[in-house]
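Peer 1: my_file.cif is the file, holding mmCIF, C-alpha atoms:
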data_input
#
loop_
_atom_site.group_PDB
_atom_site.id
_atom_site.type_symbol
_atom_site.label_atom_id
_atom_site.label_comp_id
_atom_site.auth_asym_id
_atom_site.auth_seq_id
_atom_site.Cartn_x
_atom_site.Cartn_y
_atom_site.Cartn_z
ATOM 1 C CA MET A 166 -2.872 -9.052 77.592
ATOM 2 C CA GLN A 167 -1.946 -8.943 73.918
ATOM 3 C CA LEU A 168 1.624 -10.043 73.263
ATOM 4 C CA TYR A 169 1.706 -10.371 69.501
ATOM 5 C CA TYR A 170 0.355 -7.880 67.027
ATOM 6 C CA GLN A 171 -0.875 -8.864 63.587
ATOM 7 C CA THR A 172 1.094 -6.935 60.993
ATOM 8 C CA GLY A 173 1.982 -7.528 57.369
ATOM 9 C CA TRP A 174 4.968 -9.758 56.731
ATOM 10 C CA SER A 175 6.840 -7.035 54.870
ATOM 11 C CA SER A 176 6.309 -4.495 57.649
ATOM 12 C CA ALA A 177 7.343 -6.985 60.308
ATOM 13 C CA LEU A 178 10.477 -8.004 58.421
ATOM 14 C CA ARG A 179 11.455 -4.370 57.922
ATOM 15 C CA LEU A 180 10.964 -3.713 61.618
ATOM 16 C CA TYR A 181 13.143 -6.631 62.739
ATOM 17 C CA TYR A 182 15.754 -5.833 60.099
ATOM 18 C CA GLU A 183 15.972 -2.297 61.463
ATOM 19 C CA VAL A 184 16.248 -3.610 65.021
ATOM 20 C CA GLY A 185 19.152 -5.822 63.966
ATOM 21 C CA ARG A 186 20.771 -3.017 62.001
ATOM 22 C CA LYS A 187 20.548 -0.652 64.958
ATOM 23 C CA ALA A 188 22.126 -3.281 67.205
ATOM 24 C CA PHE A 189 24.950 -3.664 64.682
ATOM 25 C CA GLN A 190 25.461 0.099 64.541
ATOM 26 C CA ARG A 191 25.407 0.343 68.321
ATOM 27 C CA SER A 192 28.162 -2.249 68.514
ATOM 28 C CA THR A 193 30.358 -0.213 66.165
ATOM 29 C CA THR A 194 30.520 2.582 68.731
ATOM 30 C CA TYR A 195 32.416 0.349 71.179
ATOM 31 C CA LYS A 196 35.695 0.238 69.278
ATOM 32 C CA LEU A 197 37.874 0.059 72.389
ATOM 33 C CA ALA A 198 35.798 -2.806 73.772
ATOM 34 C CA THR A 199 36.157 -4.619 70.455
ATOM 35 C CA LEU A 200 39.925 -4.179 70.468
ATOM 36 C CA THR A 201 40.172 -5.237 74.101
ATOM 37 C CA GLY A 202 38.062 -8.307 73.412
ATOM 38 C CA LEU A 203 40.267 -9.224 70.469
ATOM 39 C CA VAL A 204 43.342 -9.020 72.687
ATOM 40 C CA VAL A 205 41.674 -11.183 75.350
ATOM 41 C CA ASN A 206 40.564 -13.800 72.809
ATOM 42 C CA SER A 207 44.054 -13.894 71.322
ATOM 43 C CA PHE A 208 45.649 -14.229 74.749
ATOM 44 C CA PHE A 209 43.530 -17.222 75.695
ATOM 45 C CA GLY A 210 44.001 -18.657 72.222
ATOM 46 C CA TYR A 211 47.770 -18.526 72.760
ATOM 47 C CA ILE A 212 47.585 -20.058 76.233
ATOM 48 C CA HIS A 213 45.255 -22.886 75.248
ATOM 49 C CA SER A 214 47.232 -23.607 72.084
ATOM 50 C CA TYR A 215 50.493 -24.011 73.971
ATOM 51 C CA VAL A 216 48.765 -26.220 76.540
ATOM 52 C CA PHE A 217 47.427 -28.505 73.810
ATOM 53 C CA LEU A 218 50.782 -28.589 72.021
ATOM 54 C CA ALA A 219 52.531 -29.497 75.272
ATOM 55 C CA VAL A 220 50.027 -32.268 75.997
ATOM 56 C CA TYR A 221 50.276 -33.740 72.512
ATOM 57 C CA SER A 222 54.065 -33.626 72.583
ATOM 58 C CA SER A 223 54.059 -35.668 75.798
ATOM 59 C CA VAL A 224 51.834 -38.517 74.588
ATOM 60 C CA LEU A 225 52.817 -41.397 72.328
ATOM 61 C CA VAL A 226 49.862 -41.108 69.949
ATOM 62 C CA SER A 227 49.250 -38.554 67.215
ATOM 63 C CA THR A 228 45.530 -38.201 67.869
ATOM 64 C CA VAL A 229 43.377 -38.025 70.982
ATOM 65 C CA ALA A 230 39.643 -38.682 70.597
ATOM 66 C CA GLY A 231 39.998 -38.062 66.871
ATOM 67 C CA PHE A 232 41.823 -34.743 67.317
ATOM 68 C CA SER A 233 45.378 -34.217 66.103
ATOM 69 C CA ALA A 234 47.461 -31.458 67.658
ATOM 70 C CA LEU A 235 46.588 -29.212 64.710
ATOM 71 C CA ASN A 236 42.895 -30.043 65.101
ATOM 72 C CA ALA A 237 43.052 -29.152 68.797
ATOM 73 C CA VAL A 238 44.824 -25.853 68.161
ATOM 74 C CA SER A 239 42.407 -24.969 65.357
ATOM 75 C CA TYR A 240 39.472 -25.849 67.606
ATOM 76 C CA THR A 241 40.881 -23.552 70.289
ATOM 77 C CA TRP A 242 41.055 -20.582 67.955
ATOM 78 C CA LEU A 243 37.653 -21.304 66.464
ATOM 79 C CA SER A 244 36.028 -21.453 69.902
ATOM 80 C CA GLN A 245 37.677 -18.155 70.813
ATOM 81 C CA ALA A 246 36.429 -16.685 67.544
ATOM 82 C CA LEU A 247 32.870 -17.873 68.092
ATOM 83 C CA ILE A 248 32.460 -16.947 71.743
ATOM 84 C CA THR A 249 31.284 -13.433 70.898
ATOM 85 C CA VAL A 250 29.357 -14.427 67.775
ATOM 86 C CA THR A 251 27.284 -16.923 69.730
ATOM 87 C CA GLN A 252 27.439 -14.795 72.912
ATOM 88 C CA VAL A 253 27.893 -18.044 74.796
ATOM 89 C CA TRP A 254 27.729 -16.219 78.109
ATOM 90 C CA PHE A 255 24.319 -14.776 78.983
ATOM 91 C CA GLU A 256 23.787 -11.087 78.330
ATOM 92 C CA LYS A 257 21.543 -9.466 80.931
ATOM 93 C CA ASP A 258 19.753 -6.893 78.765
ATOM 94 C CA ILE A 259 16.416 -8.687 79.004
ATOM 95 C CA SER A 260 16.655 -9.354 82.732
ATOM 96 C CA LYS A 261 17.530 -5.696 83.331
ATOM 97 C CA THR A 262 14.246 -4.593 81.752
ATOM 98 C CA ILE A 263 12.418 -7.051 84.006
ATOM 99 C CA VAL A 264 14.114 -5.726 87.137
ATOM 100 C CA THR A 265 13.442 -2.088 86.190
ATOM 101 C CA GLY A 266 9.877 -2.776 85.080
ATOM 102 C CA ASP A 267 10.453 -1.559 81.516
ATOM 103 C CA VAL A 268 9.399 -5.001 80.306
ATOM 104 C CA VAL A 269 5.760 -4.085 80.935
ATOM 105 C CA SER A 270 5.760 -1.433 78.225
ATOM 106 C CA ASP A 271 7.829 -3.707 75.950
ATOM 107 C CA PHE A 272 5.085 -6.340 76.012
ATOM 108 C CA TYR A 273 2.559 -3.777 74.793
ATOM 109 C CA LYS A 274 4.653 -2.411 71.933
ATOM 110 C CA PRO A 275 3.619 -3.343 68.369
ATOM 111 C CA PHE A 276 6.146 -6.116 67.815
ATOM 112 C CA ASP A 277 6.697 -9.729 68.732
ATOM 113 C CA TYR A 278 8.682 -9.596 71.968
ATOM 114 C CA GLN A 279 10.746 -12.728 71.350
ATOM 115 C CA THR A 280 11.579 -11.882 67.737
ATOM 116 C CA PHE A 281 12.515 -8.336 68.722
ATOM 117 C CA TRP A 282 15.176 -9.589 71.120
ATOM 118 C CA PHE A 283 16.357 -12.185 68.624
ATOM 119 C CA SER A 284 16.855 -9.436 66.038
ATOM 120 C CA ARG A 285 19.001 -7.477 68.480
ATOM 121 C CA PHE A 286 20.995 -10.584 69.278
ATOM 122 C CA ALA A 287 21.499 -11.328 65.575
ATOM 123 C CA GLY A 288 22.692 -7.787 64.857
ATOM 124 C CA ASN A 289 25.295 -8.039 67.602
ATOM 125 C CA SER A 290 26.356 -11.460 66.310
ATOM 126 C CA VAL A 291 26.911 -10.210 62.770
ATOM 127 C CA TYR A 292 29.100 -7.410 64.105
ATOM 128 C CA ALA A 293 31.065 -9.884 66.229
ATOM 129 C CA ALA A 294 31.548 -12.218 63.271
ATOM 130 C CA ILE A 295 33.122 -9.457 61.193
ATOM 131 C CA PHE A 296 35.146 -7.559 63.765
ATOM 132 C CA ARG A 297 35.941 -10.216 66.379
ATOM 133 C CA ALA A 298 35.699 -13.714 64.919
ATOM 134 C CA ILE A 299 37.523 -13.194 61.625
ATOM 135 C CA PRO A 300 40.448 -11.232 63.154
ATOM 136 C CA THR A 301 40.753 -13.729 66.026
ATOM 137 C CA TYR A 302 40.919 -16.771 63.779
ATOM 138 C CA THR A 303 43.267 -14.970 61.397
ATOM 139 C CA ILE A 304 45.714 -14.545 64.284
ATOM 140 C CA GLY A 305 45.429 -18.281 64.918
ATOM 141 C CA ILE A 306 46.211 -18.972 61.266
ATOM 142 C CA ILE A 307 49.236 -16.670 61.221
ATOM 143 C CA PHE A 308 50.875 -17.805 64.458
ATOM 144 C CA PHE A 309 49.694 -21.405 64.856
ATOM 145 C CA GLY A 310 48.679 -22.504 61.379
ATOM 146 C CA ALA A 311 45.027 -22.942 62.345
ATOM 147 C CA GLN A 312 43.171 -24.939 59.725
ATOM 148 C CA LEU A 313 41.033 -23.649 56.903
ATOM 149 C CA PRO A 314 38.437 -25.891 55.239
ATOM 150 C CA GLN A 315 39.861 -27.897 52.354
ATOM 151 C CA HIS A 316 36.569 -28.206 50.482
ATOM 152 C CA LEU A 317 34.503 -25.302 49.178
ATOM 153 C CA ALA A 318 31.270 -27.092 50.091
ATOM 154 C CA THR A 319 32.224 -26.778 53.754
ATOM 155 C CA LEU A 320 31.707 -23.005 53.760
ATOM 156 C CA PRO A 321 27.931 -22.906 53.117
ATOM 157 C CA LEU A 322 27.452 -25.809 55.530
ATOM 158 C CA PHE A 323 29.406 -23.930 58.186
ATOM 159 C CA LEU A 324 27.461 -20.697 57.652
ATOM 160 C CA VAL A 325 24.120 -22.471 57.984
ATOM 161 C CA SER A 326 25.384 -24.272 61.075
ATOM 162 C CA LEU A 327 26.522 -20.955 62.522
ATOM 163 C CA VAL A 328 23.069 -19.422 61.999
ATOM 164 C CA PHE A 329 21.523 -22.307 63.922
ATOM 165 C CA SER A 330 24.260 -21.993 66.548
ATOM 166 C CA VAL A 331 23.464 -18.333 67.142
ATOM 167 C CA THR A 332 19.746 -19.089 67.279
ATOM 168 C CA VAL A 333 20.140 -21.860 69.865
ATOM 169 C CA SER A 334 22.406 -19.692 72.007
ATOM 170 C CA PHE A 335 19.906 -16.842 71.897
ATOM 171 C CA LEU A 336 16.968 -19.051 72.841
ATOM 172 C CA ILE A 337 18.729 -20.607 75.819
ATOM 173 C CA GLY A 338 19.847 -17.198 77.074
ATOM 174 C CA TYR A 339 16.382 -15.753 76.455
ATOM 175 C CA ILE A 340 14.706 -18.459 78.547
ATOM 176 C CA PHE A 341 17.249 -18.077 81.343
ATOM 177 C CA ASN A 342 16.734 -14.293 81.318
ATOM 178 C CA LEU A 343 12.968 -14.687 81.607
ATOM 179 C CA THR A 344 13.411 -16.629 84.848
ATOM 180 C CA THR A 345 14.001 -13.191 86.378
ATOM 181 C CA PHE A 346 10.195 -12.861 86.474
ATOM 182 C CA TRP A 347 10.256 -15.475 89.237
ATOM 183 C CA THR A 348 13.702 -15.077 90.831
ATOM 184 C CA LEU A 349 13.752 -11.235 90.781
ATOM 185 C CA ASN A 350 17.561 -11.338 91.049
ATOM 186 C CA PRO A 351 18.999 -12.784 87.815
ATOM 187 C CA ASN A 352 22.671 -12.981 88.759
ATOM 188 C CA GLY A 353 22.780 -16.466 90.267
ATOM 189 C CA VAL A 354 20.700 -18.194 87.596
ATOM 190 C CA LEU A 355 22.438 -16.470 84.689
ATOM 191 C CA THR A 356 25.916 -17.127 86.056
ATOM 192 C CA LEU A 357 25.194 -20.809 86.653
ATOM 193 C CA GLY A 358 23.545 -21.134 83.261
ATOM 194 C CA ALA A 359 26.481 -19.493 81.497
ATOM 195 C CA ILE A 360 28.963 -21.848 83.171
ATOM 196 C CA ILE A 361 26.921 -24.891 82.165
ATOM 197 C CA GLN A 362 26.538 -23.601 78.627
ATOM 198 C CA MET A 363 30.230 -22.817 78.190
ATOM 199 C CA PHE A 364 31.197 -26.309 79.347
ATOM 200 C CA PHE A 365 28.622 -28.388 77.480
ATOM 201 C CA SER A 366 28.840 -26.299 74.297
ATOM 202 C CA GLY A 367 32.438 -27.430 73.897
ATOM 203 C CA PHE A 368 33.880 -23.975 74.422
ATOM 204 C CA ILE A 369 36.307 -25.018 77.169
ATOM 205 C CA VAL A 370 37.443 -28.328 75.637
ATOM 206 C CA PRO A 371 36.153 -30.397 72.700
ATOM 207 C CA LEU A 372 33.285 -32.598 73.813
ATOM 208 C CA ALA A 373 35.118 -35.576 72.301
ATOM 209 C CA TYR A 374 37.606 -35.305 75.181
ATOM 210 C CA LEU A 375 34.940 -35.912 77.814
ATOM 211 C CA PRO A 376 34.486 -39.287 79.533
ATOM 212 C CA ASP A 377 31.900 -41.484 77.814
ATOM 213 C CA TRP A 378 29.154 -40.874 80.384
ATOM 214 C CA LEU A 379 29.666 -37.116 80.306
ATOM 215 C CA GLY A 380 29.893 -37.099 76.526
ATOM 216 C CA LEU A 381 26.577 -38.951 76.370
ATOM 217 C CA LEU A 382 25.013 -36.317 78.603
ATOM 218 C CA ALA A 383 26.417 -33.565 76.370
ATOM 219 C CA ASP A 384 24.858 -35.258 73.332
ATOM 220 C CA LEU A 385 21.447 -35.116 74.998
ATOM 221 C CA LEU A 386 21.660 -31.388 75.750
ATOM 222 C CA PRO A 387 21.179 -28.472 73.337
ATOM 223 C CA PHE A 388 24.485 -26.776 74.137
ATOM 224 C CA GLN A 389 26.539 -28.856 71.678
ATOM 225 C CA ALA A 390 24.750 -26.991 68.886
ATOM 226 C CA ILE A 391 26.513 -23.762 69.853
ATOM 227 C CA ILE A 392 30.240 -24.518 69.500
ATOM 228 C CA SER A 393 30.830 -28.239 69.014
ATOM 229 C CA ILE A 394 28.758 -28.792 65.876
ATOM 230 C CA PRO A 395 29.996 -25.706 63.960
ATOM 231 C CA ALA A 396 33.548 -26.702 64.918
ATOM 232 C CA GLN A 397 33.055 -30.226 63.558
ATOM 233 C CA VAL A 398 31.872 -28.697 60.301
ATOM 234 C CA TRP A 399 34.756 -26.213 60.066
ATOM 235 C CA LEU A 400 37.369 -28.875 60.805
ATOM 236 C CA GLU A 401 35.620 -31.184 58.316
ATOM 237 C CA GLN A 402 35.271 -33.932 60.871
ATOM 238 C CA HIS A 403 31.727 -34.284 59.573
ATOM 239 C CA THR A 404 30.932 -33.200 56.008
ATOM 240 C CA GLY A 405 27.300 -34.243 55.607
ATOM 241 C CA TRP A 406 24.338 -31.916 55.974
ATOM 242 C CA ASP A 407 22.798 -34.384 58.420
ATOM 243 C CA ILE A 408 25.041 -32.895 61.114
ATOM 244 C CA LEU A 409 22.581 -29.988 61.190
ATOM 245 C CA LEU A 410 19.715 -32.199 62.369
ATOM 246 C CA PRO A 411 20.433 -31.779 66.113
ATOM 247 C CA GLN A 412 20.644 -28.018 65.623
ATOM 248 C CA ILE A 413 17.357 -27.916 63.722
ATOM 249 C CA PHE A 414 15.719 -30.044 66.408
ATOM 250 C CA TRP A 415 16.865 -27.754 69.211
ATOM 251 C CA VAL A 416 15.946 -24.576 67.335
ATOM 252 C CA LEU A 417 12.372 -25.829 67.009
ATOM 253 C CA VAL A 418 12.104 -27.166 70.562
ATOM 254 C CA LEU A 419 13.648 -24.100 72.168
ATOM 255 C CA TRP A 420 11.731 -21.611 70.018
ATOM 256 C CA PHE A 421 8.395 -23.017 71.125
ATOM 257 C CA ALA A 422 9.634 -23.473 74.686
ATOM 258 C CA ALA A 423 10.605 -19.804 74.706
ATOM 259 C CA ARG A 424 7.117 -18.957 73.441
ATOM 260 C CA GLY A 425 5.625 -20.863 76.344
ATOM 261 C CA VAL A 426 7.829 -19.171 78.930
ATOM 262 C CA THR A 427 7.015 -15.783 77.398
ATOM 263 C CA ARG A 428 3.300 -16.440 77.797
ATOM 264 C CA LEU A 429 3.775 -17.513 81.413
ATOM 265 C CA ALA A 430 5.743 -14.331 82.051
ATOM 266 C CA SER A 431 3.025 -12.194 80.474
ATOM 267 C CA ARG A 432 0.405 -13.792 82.719
ATOM 268 C CA LYS A 433 2.536 -12.986 85.736
ATOM 269 C CA ILE A 434 2.585 -9.331 84.671
ATOM 270 C CA THR A 435 -1.191 -9.357 84.211
ATOM 271 C CA ILE A 436 -1.836 -11.012 87.594
ATOM 272 C CA GLN A 437 0.387 -8.472 89.313
ATOM 273 C CA GLY A 438 -1.482 -5.643 87.629
ATOM 274 C CA GLY A 439 1.185 -4.729 85.064
#
Rewrite the structure of this file - the entire thing - as structure tokens.
Peer 2:
Amino acid sequence: MQLYYQTGWSSALRLYYEVGRKAFQRSTTYKLATLTGLVVNSFFGYIHSYVFLAVYSSVLVSTVAGFSALNAVSYTWLSQALITVTQVWFEKDISKTIVTGDVVSDFYKPFDYQTFWFSRFAGNSVYAAIFRAIPTYTIGIIFFGAQLPQHLATLPLFLVSLVFSVTVSFLIGYIFNLTTFWTLNPNGVLTLGAIIQMFFSGFIVPLAYLPDWLGLLADLLPFQAIISIPAQVWLEQHTGWDILLPQIFWVLVLWFAARGVTRLASRKITIQGG
């Protein structure tokens, strides 16, 4: 079974660019969903901000685990802004094609299966960055004084970190989706995986707040690359480019791991006569 077709680089890049562009355009048709999502993100941003402010007002220290009250509030709004960009929950588009059997024809189409889905994911992420993340964080700035970077050099570092963040999130979700080849029903695995990812990415609370043993575990897992590391960059808690090293490591490991799982899945199709 041939999974990957040899095409010119320029043709392949045009193809994946168009896939991403179509995904972006498709997202623009869901204006009500975008508005609803913005309201939901803002609501939880408000709730979490007031919780953090109440906690900090009740303690006798100005910082907790290196976070001031302003840091905590800014982190809250940034995590709400990034949840859709990184799609930290697991979309089920891939698993749906496995359940319906459409995946068989997808494997035979003249494109790289993994890169095709990454292009779709990236297109959706770009849309979310413009129409969900920026408005969400702007609300945090207006009503809670959420922080902006103080140094211009932080912006390119953050953007690069965000690209790696999106890539890691895609790869983890992609691998979890492919488990549908073996489980047949994706709901349990994807739900459990999404919960684990949301917690260990730092979406729920900053990883610095975790007990030492749990924080050590979080440092050993790839999920920190999704929310925690970009947040550290944005809040300028870490200003060196070396902070990207864990993200680069996990992008490489997960990309090749995803390749391996894809090949195993293709063999399963072949064995079953797909």
Peer 1: What does the structure give for the distance between CA of Val216 (chain A) and CA of Ala230 (chain A), in Å to one decimal?
Peer 2: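 Between CA of Val216 (chain A) and CA of Ala230 (chain A) the gap works out to 16.5 Å.
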Peer 1: Using all atoms listed in the file, find each residue of region 283-381 of chain A with at least one atom at most 7 Å away from an atom of region 385-391 of chain A; report its shortest atom-to-atom pair and that distance in Å (one decimal), sort the rows by chain and rising residue number, and return the result as a Markdown table.
Peer 2:
| residue | atom | partner | partner_atom | distance |
| --- | --- | --- | --- | --- |
| A:Ser330 | CA | A:Ile391 | CA | 4.4 |
| A:Val331 | CA | A:Ile391 | CA | 6.8 |
| A:Val333 | CA | A:Ile391 | CA | 6.7 |
| A:Ser334 | CA | A:Ile391 | CA | 6.2 |
| A:Gln362 | CA | A:Phe388 | CA | 5.9 |
| A:Phe365 | CA | A:Phe388 | CA | 5.6 |
| A:Ser366 | CA | A:Gln389 | CA | 4.3 |
| A:Gly367 | CA | A:Gln389 | CA | 6.5 |
| A:Leu381 | CA | A:Leu385 | CA | 6.6 |
Peer 1: Using all atoms listed in the file, which protein or nucleic acid residues come within 12 Å of Leu417 (chain A)? Drop anything in the same chain fewer than 6 positions from it, and give the result as a ChimeraX atom specification.
Peer 2: /A:329,332-333,336,387,410-411,423-424
Peer 1: Now that the selection is made, can you save its residues with C-alpha atoms as a compact mmCIF listing (two decimals), in the coordinates of the input?
Peer 2:
# COMPACT_ATOMS: atom_id res chain seq x y z
CA PHE A 329 21.52 -22.31 63.92
CA THR A 332 19.75 -19.09 67.28
CA VAL A 333 20.14 -21.86 69.86
CA LEU A 336 16.97 -19.05 72.84
CA PRO A 387 21.18 -28.47 73.34
CA LEU A 410 19.72 -32.20 62.37
CA PRO A 411 20.43 -31.78 66.11
CA ALA A 423 10.60 -19.80 74.71
CA ARG A 424 7.12 -18.96 73.44
Peer 1: If the PyMOL selection byres ((chain A and resi 396-405) around 8) were run on this exact file, what residues would it hold? Put them as a list of chain:residue names.
Peer 2: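 Going through the file, the PyMOL selection byres ((chain A and resi 396-405) around 8) ends up selecting A:Asn236, A:Ser239, A:Tyr240, A:Leu243, A:Ser244, A:Gln312, A:Leu313, A:Pro314, A:Thr319, A:Leu320, A:Leu322, A:Phe323, A:Ser326, A:Ile392, A:Ser393, A:Ile394, A:Pro395, A:Trp406, A:Asp407, A:Ile408.
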Peer 1: I'd like the interatomic distance between CA of Leu235 (chain A) and CA of Tyr374 (chain A), to a tenth of an Å.
Peer 2: 15.1 Å
Peer 1: Of the candidates A:Pro371, A:Pro376, A:Gly425, A:Gly358, which one gets nearest to Gly231 (chain A) if we count all atoms listed in the file?
Peer 2: A:Pro371
Peer 1: One decimal, in Å: what's the spacing between CA of Leu375 (chain A) and CA of Ile413 (chain A)?
Peer 2: 23.9 Å
Peer 1: With the cut-off set at 12 Å and counting only C-alpha atoms, tabulate each residue of region 179-263 of chain A with an atom at most that distance from an atom of region 287-308 of chain A, showing the nearest atom pair and its distance in Å to one decimal, ordered by chain and increasing number, as CSV.
Peer 2:
residue,atom,partner,partner_atom,distance
A:Tyr181,CA,A:Gly288,CA,9.8
A:Tyr182,CA,A:Gly288,CA,8.6
A:Glu183,CA,A:Gly288,CA,9.3
A:Val184,CA,A:Gly288,CA,7.7
A:Gly185,CA,A:Gly288,CA,4.1
A:Arg186,CA,A:Gly288,CA,5.9
A:Lys187,CA,A:Gly288,CA,7.5
A:Ala188,CA,A:Gly288,CA,5.1
A:Phe189,CA,A:Gly288,CA,4.7
A:Gln190,CA,A:Tyr292,CA,8.4
A:Arg191,CA,A:Asn289,CA,8.4
A:Ser192,CA,A:Asn289,CA,6.5
A:Thr193,CA,A:Tyr292,CA,7.6
A:Thr194,CA,A:Tyr292,CA,11.1
A:Tyr195,CA,A:Tyr292,CA,11.0
A:Lys196,CA,A:Phe296,CA,9.6
A:Leu197,CA,A:Phe296,CA,11.8
A:Ala198,CA,A:Arg297,CA,10.5
A:Thr199,CA,A:Arg297,CA,6.9
A:Leu200,CA,A:Arg297,CA,8.3
A:Thr201,CA,A:Arg297,CA,10.1
A:Gly202,CA,A:Arg297,CA,7.6
A:Leu203,CA,A:Arg297,CA,6.0
A:Val204,CA,A:Thr301,CA,8.6
A:Val205,CA,A:Thr301,CA,9.7
A:Asn206,CA,A:Thr301,CA,6.8
A:Ser207,CA,A:Thr301,CA,6.2
A:Phe208,CA,A:Thr301,CA,10.0
A:Phe209,CA,A:Thr301,CA,10.6
A:Gly210,CA,A:Gly305,CA,7.5
A:Tyr211,CA,A:Gly305,CA,8.2
A:Ile212,CA,A:Gly305,CA,11.7
A:His213,CA,A:Gly305,CA,11.3
A:Ser214,CA,A:Gly305,CA,9.1
A:Tyr215,CA,A:Phe308,CA,11.4
A:Leu235,CA,A:Ile306,CA,10.8
A:Ala237,CA,A:Gly305,CA,11.8
A:Val238,CA,A:Gly305,CA,8.3
A:Ser239,CA,A:Gly305,CA,7.4
A:Tyr240,CA,A:Tyr302,CA,10.0
A:Thr241,CA,A:Gly305,CA,8.8
A:Trp242,CA,A:Tyr302,CA,5.7
A:Leu243,CA,A:Tyr302,CA,6.2
A:Ser244,CA,A:Tyr302,CA,9.1
A:Gln245,CA,A:Thr301,CA,7.2
A:Ala246,CA,A:Ala298,CA,4.0
A:Leu247,CA,A:Ala298,CA,5.9
A:Ile248,CA,A:Ala298,CA,8.2
A:Thr249,CA,A:Ala293,CA,5.9
A:Val250,CA,A:Ser290,CA,4.5
A:Thr251,CA,A:Ser290,CA,6.5
A:Gln252,CA,A:Ser290,CA,7.5
A:Val253,CA,A:Ser290,CA,10.9
A:Glu256,CA,A:Asn289,CA,11.3
Peer 1: Using all atoms listed in the file, which of A:Thr356, A:Arg179, A:Leu349, A:Phe421 sits nearest Gly266 (chain A)?
Peer 2: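 Checking each candidate against Gly266 (chain A), we get A:Leu349 as the closest.
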Peer 1: Pick the closest to Thr344 (chain A) from A:Val328, A:Ala219, A:Ile263, A:Val418: which is it, counting all atoms listed in the file?
Peer 2: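 Among the listed residues, the smallest separation from Thr344 (chain A) belongs to A:Ile263.
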Peer 1: Mind checking which residues fall within 10 Å of Tyr339 (chain A), counting all atoms listed in the file, ignoring those fewer than 2 positions away in the same chain, and posting them as a list in words?
Peer 2: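 Surrounding residues, per the criterion: Phe255, Glu256, Lys257, Asp258, Ile259, Ser260, Gln279, Trp282, Phe283, Phe286, Val333, Ser334, Phe335, Leu336, Ile337, Phe341, Asn342, Leu343, Thr344, Leu419, Trp420, Ala423, Val426 and Thr427 of chain A.
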Peer 1: Supply region 325-337 of chain A as an mmCIF file, in the coordinates of the input, with N, CA and C atoms built in where the input has gaps.
Peer 2:
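Final output, selection15.cif:
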data_model
loop_
_atom_site.group_PDB
_atom_site.id
_atom_site.type_symbol
_atom_site.label_atom_id
_atom_site.label_comp_id
_atom_site.auth_asym_id
_atom_site.auth_seq_id
_atom_site.Cartn_x
_atom_site.Cartn_y
_atom_site.Cartn_z
ATOM 1 N N VAL A 325 25.456 -22.057 57.539
ATOM 2 C CA VAL A 325 24.120 -22.471 57.984
ATOM 3 C C VAL A 325 24.184 -22.979 59.422
ATOM 4 N N SER A 326 25.207 -23.769 59.714
ATOM 5 C CA SER A 326 25.384 -24.272 61.075
ATOM 6 C C SER A 326 25.567 -23.131 62.064
ATOM 7 N N LEU A 327 26.286 -22.101 61.639
ATOM 8 C CA LEU A 327 26.522 -20.955 62.522
ATOM 9 C C LEU A 327 25.229 -20.192 62.800
ATOM 10 N N VAL A 328 24.370 -20.075 61.793
ATOM 11 C CA VAL A 328 23.069 -19.422 61.999
ATOM 12 C C VAL A 328 22.261 -20.186 63.048
ATOM 13 N N PHE A 329 22.230 -21.492 62.925
ATOM 14 C CA PHE A 329 21.523 -22.307 63.922
ATOM 15 C C PHE A 329 22.186 -22.188 65.295
ATOM 16 N N SER A 330 23.511 -22.129 65.294
ATOM 17 C CA SER A 330 24.260 -21.993 66.548
ATOM 18 C C SER A 330 23.868 -20.721 67.283
ATOM 19 N N VAL A 331 23.839 -19.623 66.558
ATOM 20 C CA VAL A 331 23.464 -18.333 67.142
ATOM 21 C C VAL A 331 22.026 -18.382 67.654
ATOM 22 N N THR A 332 21.154 -19.006 66.889
ATOM 23 C CA THR A 332 19.746 -19.089 67.279
ATOM 24 C C THR A 332 19.564 -19.891 68.565
ATOM 25 N N VAL A 333 20.234 -21.036 68.654
ATOM 26 C CA VAL A 333 20.140 -21.860 69.865
ATOM 27 C C VAL A 333 20.677 -21.103 71.074
ATOM 28 N N SER A 334 21.814 -20.443 70.899
ATOM 29 C CA SER A 334 22.406 -19.692 72.007
ATOM 30 C C SER A 334 21.469 -18.585 72.476
ATOM 31 N N PHE A 335 20.858 -17.888 71.520
ATOM 32 C CA PHE A 335 19.906 -16.842 71.897
ATOM 33 C C PHE A 335 18.752 -17.415 72.704
ATOM 34 N N LEU A 336 18.166 -18.502 72.209
ATOM 35 C CA LEU A 336 16.968 -19.051 72.841
ATOM 36 C C LEU A 336 17.238 -19.528 74.260
ATOM 37 N N ILE A 337 18.388 -20.166 74.465
ATOM 38 C CA ILE A 337 18.729 -20.607 75.819
ATOM 39 C C ILE A 337 18.903 -19.402 76.738
#
